[in-house]
Every structure is written in C-alpha cells, then in structure tokens.
Amino acid sequence: MSTRDTSATDDPIIESRDQLIAPMANGEKPKADWRIGTEHEKLVFRTKDHAAPSHGEPGGIRDILLSLKQFGWEPVEEGGEIIAMRGKDGTVSLEPAGQLELSGAPLENLHETCNETGRHLAQVKAVGSEHGVGFLGLGMWPDKTREELPIMPKGRYAIMMRHMPRVGNLGLDMMLRTCTIQVNLDYGSEADMVKKFRTGLALQPLATALFANSPFTEGKPNGYLSYRSHIWSDTDPHRTGMLPFVFEDGFGYERWTDYMLDVPMYFVFRDGKYIDAAGLSFRDFLEGKLEVLPGEKPTQSDWWDHLSTAFPEVRLKSFLEMRGADGGPWSRICALPALWVGLLYDEEALDAAWDLVKDWSMEEREALRNAVPKLALGAPVPGGGRLQDVAKDALAIARKGLSNRARLGASGDNETGFLETLDEIVASGKVPAQRLLDKYYGEWNGDISRVYKYSF
C-alpha cells in the first residue's frame, strides 16, 4: 500500500471537478516516455523459528529497514517511527504485518526492471543475514494465524483494520497474510487508457492463474491455488472486483472519478496523523460536510490519498496498476512486467490481446475470475476450452509485442527472455501452487516448515 509523500508544499483545496480528473488526465504521456514500475512484496521470517518479526524488536523490521542505509537508502518516518526507506530504486515500505515491499522506480525497459529487482533482493538478503531473517516469495503466509502476526506502526493500517470486519470476512487476511507482485504502466491518451484498462481487466484472471502461489493456510492445503485472489472476493465489495462499468460505453476519466467518489473513505491526513473517516463520503467532504472535519474541504493530497484506497483487479491513478498476481521468487517478479508490457505497450499486440477478450460478456468475465482461484489454468473460458489455451495465445502475443519493442540488454538480447518462466508454466499446465502441493504431498511429507527453504 502507498507510503504518503509529505514533502509537497503546494496543496490546493479542490474547488472544481477538473481538479478531480486532473491526476488521471495528467498521467497521459507520449509513447517515448512510457515507463515500467514494478512492486513486489515478500514475507519476512526469523530463520531460527520462522516467526514473523515485529517492528521494534532487536533485528526486527525497523532494524532491517535502517540497515538498508548502507546501500544509500534514507529513512521515512511517521509519528517518530521508521515506516519506509527511499532511494534511487524507489521506496522500500511495509505492509500491515511487516511484509516488505519494493515500489520500484519508473524504468524504460525490462532489463532495467530485472536489474533493479536483483539489486533489491541482494540487498535485503545481505541485511537479512545480519539480523537472522529470511524472505519468502509466496502469495500468502503458509502457516501463520492472524493472531501470530505483528502489526506495523502506520496510522492508516489501524483505521483499515478496524473497518475491514464491518464490510467483509477476509479483509484482515488481505492486510496481514498476503503478498503480491504488481506492475504500473502508462498510457498515451484517454482512449489508450480505456483500451489498456479493459484488456488488462479482462485478462487479469490469466495473471492470477499464471502466478497462483498461495495454496496453504495455517499449515494445510486450503483447497485453492490462489487463496490470495479468493480473499479479495470477500474483502470489501465497495472497492474491489471486476468493475463492469469499465466495459460500458462512455468509460473514461469522468466515469472513474464518479466511481472513486462513490468509494467510501478510510481516513484524512492532518498534522502528521491519520483521522478515522472510514465509511464516510468524499462527496460530503467536497461540500465541507465531513463529520470528522466539519467545514473543511479536501486538498489535492486528500484526493490522491483517496485514489489509493480502491482495490479492484486493475486500478487507475496517474497510471494503470495490474493487481492480479500472487507474490513469488525472483524469476516471476521479472516475468509479470514482461507479460503486461508485451501485451499493452505495443499497438499491434494490444489490438491482438483485446481481440482475445472483446466478445466476452460481463457474466463470463466474472465467472472466469471466480473460477481461477481454485482452477488456475484449468478454468473454463468463454466459447469453450480452458484458460491454458488463452494463455498460449496471450504469451505468443506478448512475445511479439516485446520483440516489436526491440529494447536490447547489455548482451544484445531483447526482452522476450523474461517470458520463459511463464512458457514453462503454460506448457506444463502446472502453476506454482500445484508444484508446491506436489512437494507438500511428496518429499515434504506434509511438513509445511519445509517451505521456508523454498524461498528467494
């Protein structure tokens, strides 16, 4: 989740609808300026007992963050607590139970993206060895109950944790027990945003299937391949889902603004603190009628904060976020941006990818999304066949898109090599979670602790 930037000094009060639309409209960039932003989370565990370290304990999350100073990272504080580190590779921040996230810098090509990922993982491994901790690349804690997990000292998390049980049964699991890989991508115009949003949203179940990596809960198989994806189906219906309106005529910045105005608030940030506004209306805020801040109107930063509190499968801010994948190891962190860049950043590929899904009805899209957490590539698709068949076509399109981009690495190779790990998954039809289950029932003999040796 986002780490708030408190350095801005120009923070005008919102007086017009144009100011609400501006973040999305101002995100438009010429193709030459399109960038790739990759975010990835990992579970942190003490090597001696596999427990999740708290923030303040010796060798805990705070010490891990501060140890990154040796690599040029600088601390970010909230309420006197270290909650993130900033550097040339982006931001290292905390999820609610101490999951460590890199929100990477906007980069020009996948070679740079994978190098960034490699630098980050090398750094955290070095820091981990200092403090006796390891890092696990999964979509969900395989063995921890909610009660066994620490809570990080971020004000927004306390508000969200109070609110989540009011609106769904699994929101606390989402916050405390899950990890994801996410890709942030640019668009050239409103029409380009719409086409990428629709294509990305319709194909998001494919990413969920390919990266499915959360088959265990509290030490046992949970009956799912991506339990992380299932969790989102019972988190908060007001801010999650497949968003039918995105596929309707007239979708664009205006319609997204209306959607966000209808998403209930979580908080308002004032004087260094988060004020609980959970369930209240941003529309009331615009009229100076927010009950926790009577008479005040929102600023630009308040709107930016609010834009980060919706959690659909694809999210629009000043860029598009692809949000469907479970966390995983190094090779798959590089593979997710390769998939989406290949499909969405080349015009020929984008047309072909949209052709794969444009005739699906909303009911068919919802059915696929609901089937994938259990069935992954075995999920049935509209028109017959399985998602594995669509995956073969989508990877071929992505490969052509990356080839067309012709962004070469130091050794003269293009970006298509980053798809190889996905090629292997699709050829076998066996997603990462199924391989973990094979180990669990086979060589691990039901001992879930063996998963801790199967990390980065």
# chains A, B, ... in the order shown; residues from 1 in each chain; ligands from 1

call {"tool": "residues_around", "arguments": {"residues": "stretch 99-108 of chain A", "least_positions_apart": "2", "cutoff": "6 Å", "atoms": "only C-alpha atoms", "output": "JSON, numbers by chain"}}
result
{"A": [35, 36, 37, 38, 39, 40, 41, 42, 43, 89, 90, 91, 92, 93, 94, 95, 97]}

call {"tool": "select_by_dssp", "arguments": {"residues": "stretch 141-380 of chain A", "states": "helix (DSSP H, G or I)", "output": "count of residues only"}}
result
119

call {"tool": "residues_around", "arguments": {"residues": "A:Val268", "least_positions_apart": "2", "cutoff": "9 Å", "atoms": "only C-alpha atoms", "output": "number ranges by chain"}}
result
A: 265-266, 270, 273-277, 292-293, 298, 302, 305-306

call {"tool": "write_last_selection", "arguments": {"atoms": "C-alpha atoms", "output": "mmCIF file, in the first residue's frame"}}
result
data_model
loop_
_atom_site.group_PDB
_atom_site.id
_atom_site.type_symbol
_atom_site.label_atom_id
_atom_site.label_comp_id
_atom_site.auth_asym_id
_atom_site.auth_seq_id
_atom_site.Cartn_x
_atom_site.Cartn_y
_atom_site.Cartn_z
ATOM 1 C CA MET A 265 -13.341 6.912 2.631
ATOM 2 C CA TYR A 266 -10.830 5.436 5.047
ATOM 3 C CA ARG A 270 -3.805 16.150 9.084
ATOM 4 C CA LYS A 273 -1.760 11.997 11.865
ATOM 5 C CA TYR A 274 -4.455 9.904 10.210
ATOM 6 C CA ILE A 275 -8.017 10.793 11.202
ATOM 7 C CA ASP A 276 -10.529 7.958 11.020
ATOM 8 C CA ALA A 277 -13.104 8.697 8.302
ATOM 9 C CA VAL A 292 -14.809 14.390 11.361
ATOM 10 C CA LEU A 293 -13.592 17.680 9.802
ATOM 11 C CA PRO A 298 -10.332 18.373 0.704
ATOM 12 C CA ASP A 302 -6.553 14.198 0.168
ATOM 13 C CA ASP A 305 -4.776 9.558 -0.821
ATOM 14 C CA HIS A 306 -8.332 8.536 -1.621
#

call {"tool": "atom_distance", "arguments": {"atom1": "atom CA of A:Trp141", "atom2": "atom CA of A:Tyr157"}}
result
18.5 Å

call {"tool": "residues_around", "arguments": {"residues": "stretch 397-407 of chain A", "least_positions_apart": "6", "cutoff": "10 Å", "atoms": "only C-alpha atoms", "output": "ChimeraX atom specification"}}
result
/A:108-111,338-353,391,413-420

call {"tool": "write_last_selection", "arguments": {"atoms": "N, CA and C atoms", "output": "PDB file, in the first residue's frame"}}
result
ATOM      1  N   GLU A 108      12.754   2.295 -18.084  1.00  0.00           N
ATOM      2  CA  GLU A 108      12.484   2.306 -19.516  1.00  0.00           C
ATOM      3  C   GLU A 108      12.248   0.929 -20.101  1.00  0.00           C
ATOM      4  N   ASN A 109      12.898  -0.098 -19.552  1.00  0.00           N
ATOM      5  CA  ASN A 109      12.780  -1.420 -20.161  1.00  0.00           C
ATOM      6  C   ASN A 109      12.874  -2.513 -19.104  1.00  0.00           C
ATOM      7  N   LEU A 110      12.608  -3.730 -19.538  1.00  0.00           N
ATOM      8  CA  LEU A 110      12.567  -4.856 -18.613  1.00  0.00           C
ATOM      9  C   LEU A 110      13.940  -5.284 -18.132  1.00  0.00           C
ATOM     10  N   HIS A 111      14.978  -5.003 -18.901  1.00  0.00           N
ATOM     11  CA  HIS A 111      16.326  -5.291 -18.437  1.00  0.00           C
ATOM     12  C   HIS A 111      16.622  -4.464 -17.192  1.00  0.00           C
ATOM     13  N   ALA A 338       6.979  -8.382 -17.842  1.00  0.00           N
ATOM     14  CA  ALA A 338       7.188  -8.820 -19.230  1.00  0.00           C
ATOM     15  C   ALA A 338       5.852  -9.164 -19.879  1.00  0.00           C
ATOM     16  N   LEU A 339       4.994  -9.858 -19.144  1.00  0.00           N
ATOM     17  CA  LEU A 339       3.677 -10.214 -19.686  1.00  0.00           C
ATOM     18  C   LEU A 339       2.889  -8.968 -20.051  1.00  0.00           C
ATOM     19  N   TRP A 340       2.770  -8.028 -19.110  1.00  0.00           N
ATOM     20  CA  TRP A 340       1.899  -6.875 -19.350  1.00  0.00           C
ATOM     21  C   TRP A 340       2.505  -5.863 -20.307  1.00  0.00           C
ATOM     22  N   VAL A 341       3.796  -5.663 -20.257  1.00  0.00           N
ATOM     23  CA  VAL A 341       4.433  -4.768 -21.234  1.00  0.00           C
ATOM     24  C   VAL A 341       4.285  -5.343 -22.634  1.00  0.00           C
ATOM     25  N   GLY A 342       4.486  -6.651 -22.763  1.00  0.00           N
ATOM     26  CA  GLY A 342       4.331  -7.283 -24.070  1.00  0.00           C
ATOM     27  C   GLY A 342       2.928  -7.153 -24.622  1.00  0.00           C
ATOM     28  N   LEU A 343       1.930  -7.254 -23.756  1.00  0.00           N
ATOM     29  CA  LEU A 343       0.541  -7.195 -24.215  1.00  0.00           C
ATOM     30  C   LEU A 343       0.048  -5.773 -24.453  1.00  0.00           C
ATOM     31  N   LEU A 344       0.522  -4.811 -23.675  1.00  0.00           N
ATOM     32  CA  LEU A 344      -0.110  -3.491 -23.650  1.00  0.00           C
ATOM     33  C   LEU A 344       0.719  -2.350 -24.221  1.00  0.00           C
ATOM     34  N   TYR A 345       2.029  -2.526 -24.381  1.00  0.00           N
ATOM     35  CA  TYR A 345       2.872  -1.397 -24.795  1.00  0.00           C
ATOM     36  C   TYR A 345       3.191  -1.381 -26.289  1.00  0.00           C
ATOM     37  N   ASP A 346       2.706  -2.348 -27.026  1.00  0.00           N
ATOM     38  CA  ASP A 346       2.857  -2.363 -28.484  1.00  0.00           C
ATOM     39  C   ASP A 346       1.465  -2.353 -29.095  1.00  0.00           C
ATOM     40  N   GLU A 347       1.205  -1.458 -30.033  1.00  0.00           N
ATOM     41  CA  GLU A 347      -0.145  -1.280 -30.569  1.00  0.00           C
ATOM     42  C   GLU A 347      -0.671  -2.552 -31.227  1.00  0.00           C
ATOM     43  N   GLU A 348       0.165  -3.218 -32.000  1.00  0.00           N
ATOM     44  CA  GLU A 348      -0.252  -4.464 -32.648  1.00  0.00           C
ATOM     45  C   GLU A 348      -0.625  -5.516 -31.604  1.00  0.00           C
ATOM     46  N   ALA A 349       0.188  -5.627 -30.562  1.00  0.00           N
ATOM     47  CA  ALA A 349      -0.082  -6.612 -29.511  1.00  0.00           C
ATOM     48  C   ALA A 349      -1.344  -6.239 -28.736  1.00  0.00           C
ATOM     49  N   LEU A 350      -1.527  -4.971 -28.435  1.00  0.00           N
ATOM     50  CA  LEU A 350      -2.719  -4.548 -27.698  1.00  0.00           C
ATOM     51  C   LEU A 350      -3.979  -4.871 -28.487  1.00  0.00           C
ATOM     52  N   ASP A 351      -3.967  -4.619 -29.783  1.00  0.00           N
ATOM     53  CA  ASP A 351      -5.125  -4.973 -30.622  1.00  0.00           C
ATOM     54  C   ASP A 351      -5.392  -6.475 -30.563  1.00  0.00           C
ATOM     55  N   ALA A 352      -4.331  -7.268 -30.659  1.00  0.00           N
ATOM     56  CA  ALA A 352      -4.496  -8.727 -30.658  1.00  0.00           C
ATOM     57  C   ALA A 352      -4.976  -9.218 -29.294  1.00  0.00           C
ATOM     58  N   ALA A 353      -4.457  -8.624 -28.216  1.00  0.00           N
ATOM     59  CA  ALA A 353      -4.884  -9.026 -26.875  1.00  0.00           C
ATOM     60  C   ALA A 353      -6.348  -8.682 -26.639  1.00  0.00           C
ATOM     61  N   ALA A 391      -3.884 -18.721 -22.452  1.00  0.00           N
ATOM     62  CA  ALA A 391      -2.537 -18.368 -22.023  1.00  0.00           C
ATOM     63  C   ALA A 391      -1.520 -18.557 -23.146  1.00  0.00           C
ATOM     64  N   ASP A 413      20.396  -9.016 -26.162  1.00  0.00           N
ATOM     65  CA  ASP A 413      19.139  -9.764 -26.178  1.00  0.00           C
ATOM     66  C   ASP A 413      17.959  -8.825 -25.984  1.00  0.00           C
ATOM     67  N   ASN A 414      16.812  -9.178 -26.585  1.00  0.00           N
ATOM     68  CA  ASN A 414      15.628  -8.357 -26.370  1.00  0.00           C
ATOM     69  C   ASN A 414      14.927  -8.798 -25.084  1.00  0.00           C
ATOM     70  N   GLU A 415      13.701  -8.331 -24.897  1.00  0.00           N
ATOM     71  CA  GLU A 415      13.017  -8.566 -23.620  1.00  0.00           C
ATOM     72  C   GLU A 415      12.239  -9.889 -23.563  1.00  0.00           C
ATOM     73  N   THR A 416      12.206 -10.641 -24.640  1.00  0.00           N
ATOM     74  CA  THR A 416      11.347 -11.827 -24.671  1.00  0.00           C
ATOM     75  C   THR A 416      11.795 -12.919 -23.707  1.00  0.00           C
ATOM     76  N   GLY A 417      13.067 -12.944 -23.354  1.00  0.00           N
ATOM     77  CA  GLY A 417      13.563 -13.977 -22.457  1.00  0.00           C
ATOM     78  C   GLY A 417      12.905 -13.963 -21.085  1.00  0.00           C
ATOM     79  N   PHE A 418      12.357 -12.815 -20.697  1.00  0.00           N
ATOM     80  CA  PHE A 418      11.718 -12.729 -19.382  1.00  0.00           C
ATOM     81  C   PHE A 418      10.392 -13.481 -19.331  1.00  0.00           C
ATOM     82  N   LEU A 419       9.905 -13.928 -20.472  1.00  0.00           N
ATOM     83  CA  LEU A 419       8.674 -14.720 -20.507  1.00  0.00           C
ATOM     84  C   LEU A 419       8.917 -16.217 -20.338  1.00  0.00           C
ATOM     85  N   GLU A 420      10.170 -16.636 -20.313  1.00  0.00           N
ATOM     86  CA  GLU A 420      10.461 -18.067 -20.371  1.00  0.00           C
ATOM     87  C   GLU A 420       9.863 -18.832 -19.198  1.00  0.00           C
TER      88      GLU A 420
END

call {"tool": "residues_around", "arguments": {"residues": "A:Thr208", "least_positions_apart": "6", "cutoff": "10 Å", "atoms": "only C-alpha atoms", "output": "list in words"}}
result
Leu225, Ser226, Arg228, Ser229, Glu313, Arg323, Gly324, Ala325, Asp326, Arg369, Val372, Pro373, Ala376, Leu377 and Val431 of chain A

call {"tool": "write_last_selection", "arguments": {"atoms": "N, CA and C atoms", "output": "mmCIF file, in the first residue's frame"}}
result
data_model
loop_
_atom_site.group_PDB
_atom_site.id
_atom_site.type_symbol
_atom_site.label_atom_id
_atom_site.label_comp_id
_atom_site.auth_asym_id
_atom_site.auth_seq_id
_atom_site.Cartn_x
_atom_site.Cartn_y
_atom_site.Cartn_z
ATOM 1 N N LEU A 225 -5.638 -22.590 -5.318
ATOM 2 C CA LEU A 225 -4.295 -22.392 -5.850
ATOM 3 C C LEU A 225 -3.841 -20.956 -5.621
ATOM 4 N N SER A 226 -4.784 -20.012 -5.691
ATOM 5 C CA SER A 226 -4.518 -18.631 -5.278
ATOM 6 C C SER A 226 -5.557 -18.239 -4.234
ATOM 7 N N ARG A 228 -4.968 -16.035 -2.088
ATOM 8 C CA ARG A 228 -4.877 -14.573 -2.061
ATOM 9 C C ARG A 228 -5.949 -13.949 -2.950
ATOM 10 N N SER A 229 -6.137 -14.487 -4.148
ATOM 11 C CA SER A 229 -7.160 -13.958 -5.043
ATOM 12 C C SER A 229 -8.555 -14.174 -4.463
ATOM 13 N N GLU A 313 -9.202 -5.194 -9.528
ATOM 14 C CA GLU A 313 -8.176 -6.004 -10.193
ATOM 15 C C GLU A 313 -7.220 -5.155 -11.034
ATOM 16 N N ARG A 323 -3.043 -5.729 -10.871
ATOM 17 C CA ARG A 323 -3.012 -6.100 -9.462
ATOM 18 C C ARG A 323 -3.368 -7.568 -9.188
ATOM 19 N N GLY A 324 -3.315 -8.441 -10.196
ATOM 20 C CA GLY A 324 -3.883 -9.773 -10.031
ATOM 21 C C GLY A 324 -2.965 -10.887 -9.598
ATOM 22 N N ALA A 325 -1.664 -10.629 -9.384
ATOM 23 C CA ALA A 325 -0.699 -11.728 -9.224
ATOM 24 C C ALA A 325 -0.291 -11.961 -7.778
ATOM 25 N N ASP A 326 -0.106 -13.230 -7.423
ATOM 26 C CA ASP A 326 0.484 -13.589 -6.136
ATOM 27 C C ASP A 326 1.967 -13.255 -6.115
ATOM 28 N N ARG A 369 -13.121 -15.037 -13.472
ATOM 29 C CA ARG A 369 -12.410 -14.518 -12.299
ATOM 30 C C ARG A 369 -12.706 -15.372 -11.052
ATOM 31 N N VAL A 372 -10.852 -19.020 -11.296
ATOM 32 C CA VAL A 372 -9.391 -19.099 -11.340
ATOM 33 C C VAL A 372 -8.741 -19.369 -9.987
ATOM 34 N N PRO A 373 -9.196 -18.793 -8.874
ATOM 35 C CA PRO A 373 -8.500 -19.075 -7.613
ATOM 36 C C PRO A 373 -8.392 -20.564 -7.281
ATOM 37 N N ALA A 376 -7.097 -22.229 -11.602
ATOM 38 C CA ALA A 376 -5.961 -21.638 -12.316
ATOM 39 C C ALA A 376 -6.094 -21.852 -13.830
ATOM 40 N N LEU A 377 -5.091 -22.434 -14.466
ATOM 41 C CA LEU A 377 -5.122 -22.596 -15.922
ATOM 42 C C LEU A 377 -6.163 -23.602 -16.380
ATOM 43 N N VAL A 431 0.718 -24.673 -12.399
ATOM 44 C CA VAL A 431 1.102 -23.367 -11.872
ATOM 45 C C VAL A 431 1.933 -23.541 -10.612
#

call {"tool": "select_by_dssp", "arguments": {"residues": "stretch 199-380 of chain A", "states": "strand (DSSP E or B)", "output": "list in words"}}
result
Ser214, Phe216, Thr217, Lys220, Pro221, Ser226, Phe267, Val268, Phe269, Arg270, Lys273, Tyr274, Ile275, Asp276, Thr299, Val314, Arg315, Leu316, Leu320, Glu321, Met322, Arg323, Gly324, Ala325, Asp326 and Pro380 of chain A

call {"tool": "write_last_selection", "arguments": {"atoms": "N, CA and C atoms", "output": "PDB file, in the first residue's frame"}}
result
ATOM      1  N   SER A 214      -0.501 -19.506  -3.574  1.00  0.00           N
ATOM      2  CA  SER A 214      -0.939 -19.407  -2.172  1.00  0.00           C
ATOM      3  C   SER A 214      -1.891 -20.559  -1.829  1.00  0.00           C
ATOM      4  N   PHE A 216      -1.694 -22.728   0.749  1.00  0.00           N
ATOM      5  CA  PHE A 216      -1.704 -23.182   2.140  1.00  0.00           C
ATOM      6  C   PHE A 216      -2.276 -22.110   3.060  1.00  0.00           C
ATOM      7  N   THR A 217      -3.025 -22.544   4.073  1.00  0.00           N
ATOM      8  CA  THR A 217      -3.483 -21.675   5.147  1.00  0.00           C
ATOM      9  C   THR A 217      -3.271 -22.398   6.464  1.00  0.00           C
ATOM     10  N   LYS A 220      -1.885 -26.065   6.238  1.00  0.00           N
ATOM     11  CA  LYS A 220      -2.552 -27.117   5.484  1.00  0.00           C
ATOM     12  C   LYS A 220      -3.006 -26.583   4.123  1.00  0.00           C
ATOM     13  N   PRO A 221      -3.141 -27.474   3.130  1.00  0.00           N
ATOM     14  CA  PRO A 221      -3.746 -27.040   1.865  1.00  0.00           C
ATOM     15  C   PRO A 221      -5.134 -26.461   2.114  1.00  0.00           C
ATOM     16  N   SER A 226      -4.784 -20.012  -5.691  1.00  0.00           N
ATOM     17  CA  SER A 226      -4.518 -18.631  -5.278  1.00  0.00           C
ATOM     18  C   SER A 226      -5.557 -18.239  -4.234  1.00  0.00           C
ATOM     19  N   PHE A 267      -9.709   7.538   5.588  1.00  0.00           N
ATOM     20  CA  PHE A 267      -9.023   8.441   6.511  1.00  0.00           C
ATOM     21  C   PHE A 267      -8.803   9.807   5.862  1.00  0.00           C
ATOM     22  N   VAL A 268      -8.383  10.757   6.705  1.00  0.00           N
ATOM     23  CA  VAL A 268      -7.857  12.047   6.256  1.00  0.00           C
ATOM     24  C   VAL A 268      -6.566  12.277   7.036  1.00  0.00           C
ATOM     25  N   PHE A 269      -5.550  12.763   6.360  1.00  0.00           N
ATOM     26  CA  PHE A 269      -4.248  13.000   6.983  1.00  0.00           C
ATOM     27  C   PHE A 269      -4.130  14.476   7.336  1.00  0.00           C
ATOM     28  N   ARG A 270      -3.942  14.773   8.621  1.00  0.00           N
ATOM     29  CA  ARG A 270      -3.805  16.150   9.084  1.00  0.00           C
ATOM     30  C   ARG A 270      -2.754  16.215  10.202  1.00  0.00           C
ATOM     31  N   LYS A 273      -0.982  13.108  11.337  1.00  0.00           N
ATOM     32  CA  LYS A 273      -1.760  11.997  11.865  1.00  0.00           C
ATOM     33  C   LYS A 273      -2.906  11.642  10.930  1.00  0.00           C
ATOM     34  N   TYR A 274      -3.309  10.373  10.984  1.00  0.00           N
ATOM     35  CA  TYR A 274      -4.455   9.904  10.210  1.00  0.00           C
ATOM     36  C   TYR A 274      -5.719   9.990  11.064  1.00  0.00           C
ATOM     37  N   ILE A 275      -6.721  10.657  10.537  1.00  0.00           N
ATOM     38  CA  ILE A 275      -8.017  10.793  11.202  1.00  0.00           C
ATOM     39  C   ILE A 275      -8.963   9.767  10.603  1.00  0.00           C
ATOM     40  N   ASP A 276      -9.629   9.025  11.460  1.00  0.00           N
ATOM     41  CA  ASP A 276     -10.529   7.958  11.020  1.00  0.00           C
ATOM     42  C   ASP A 276     -11.766   8.555  10.358  1.00  0.00           C
ATOM     43  N   THR A 299      -8.067  18.744   0.050  1.00  0.00           N
ATOM     44  CA  THR A 299      -6.978  19.254  -0.776  1.00  0.00           C
ATOM     45  C   THR A 299      -6.629  18.222  -1.844  1.00  0.00           C
ATOM     46  N   VAL A 314      -7.722  -4.038 -11.577  1.00  0.00           N
ATOM     47  CA  VAL A 314      -6.889  -3.030 -12.227  1.00  0.00           C
ATOM     48  C   VAL A 314      -7.299  -1.694 -11.629  1.00  0.00           C
ATOM     49  N   ARG A 315      -6.317  -0.843 -11.327  1.00  0.00           N
ATOM     50  CA  ARG A 315      -6.613   0.439 -10.696  1.00  0.00           C
ATOM     51  C   ARG A 315      -5.992   1.569 -11.506  1.00  0.00           C
ATOM     52  N   LEU A 316      -6.724   2.675 -11.593  1.00  0.00           N
ATOM     53  CA  LEU A 316      -6.258   3.865 -12.299  1.00  0.00           C
ATOM     54  C   LEU A 316      -5.922   4.955 -11.301  1.00  0.00           C
ATOM     55  N   LEU A 320      -1.804   3.019 -14.806  1.00  0.00           N
ATOM     56  CA  LEU A 320      -2.623   1.824 -14.595  1.00  0.00           C
ATOM     57  C   LEU A 320      -1.843   0.792 -13.796  1.00  0.00           C
ATOM     58  N   GLU A 321      -2.502   0.203 -12.814  1.00  0.00           N
ATOM     59  CA  GLU A 321      -1.880  -0.812 -11.972  1.00  0.00           C
ATOM     60  C   GLU A 321      -2.505  -2.172 -12.260  1.00  0.00           C
ATOM     61  N   MET A 322      -1.681  -3.143 -12.600  1.00  0.00           N
ATOM     62  CA  MET A 322      -2.114  -4.520 -12.802  1.00  0.00           C
ATOM     63  C   MET A 322      -1.929  -5.266 -11.486  1.00  0.00           C
ATOM     64  N   ARG A 323      -3.043  -5.729 -10.871  1.00  0.00           N
ATOM     65  CA  ARG A 323      -3.012  -6.100  -9.462  1.00  0.00           C
ATOM     66  C   ARG A 323      -3.368  -7.568  -9.188  1.00  0.00           C
ATOM     67  N   GLY A 324      -3.315  -8.441 -10.196  1.00  0.00           N
ATOM     68  CA  GLY A 324      -3.883  -9.773 -10.031  1.00  0.00           C
ATOM     69  C   GLY A 324      -2.965 -10.887  -9.598  1.00  0.00           C
ATOM     70  N   ALA A 325      -1.664 -10.629  -9.384  1.00  0.00           N
ATOM     71  CA  ALA A 325      -0.699 -11.728  -9.224  1.00  0.00           C
ATOM     72  C   ALA A 325      -0.291 -11.961  -7.778  1.00  0.00           C
ATOM     73  N   ASP A 326      -0.106 -13.230  -7.423  1.00  0.00           N
ATOM     74  CA  ASP A 326       0.484 -13.589  -6.136  1.00  0.00           C
ATOM     75  C   ASP A 326       1.967 -13.255  -6.115  1.00  0.00           C
ATOM     76  N   PRO A 380     -12.489 -22.950 -17.055  1.00  0.00           N
ATOM     77  CA  PRO A 380     -13.119 -22.865 -18.377  1.00  0.00           C
ATOM     78  C   PRO A 380     -13.224 -21.412 -18.829  1.00  0.00           C
TER      79      PRO A 380
END

call {"tool": "atom_distance", "arguments": {"atom1": "atom CA of A:Ile83", "atom2": "atom CA of A:Gly98"}}
result
9.8 Å

call {"tool": "closest_residue", "arguments": {"among": "A:Gly279, A:Pro12, A:Lys358, A:Ala126", "to": "A:Arg162", "atoms": "only C-alpha atoms"}}
result
A:Gly279

call {"tool": "residues_around", "arguments": {"residues": "A:Gly327", "least_positions_apart": "3", "cutoff": "8 Å", "atoms": "only C-alpha atoms", "output": "list in words"}}
result
His40, Glu41, Lys42, Gly137, Leu138, Gly139, Met140, Cys179, Thr180, Ile181, Phe211, Asn213 and Ile333 of chain A

call {"tool": "closest_residue", "arguments": {"among": "A:Gly188, A:Glu296, A:Leu149, A:Asp234", "to": "A:Ala32", "atoms": "only C-alpha atoms"}}
result
A:Gly188
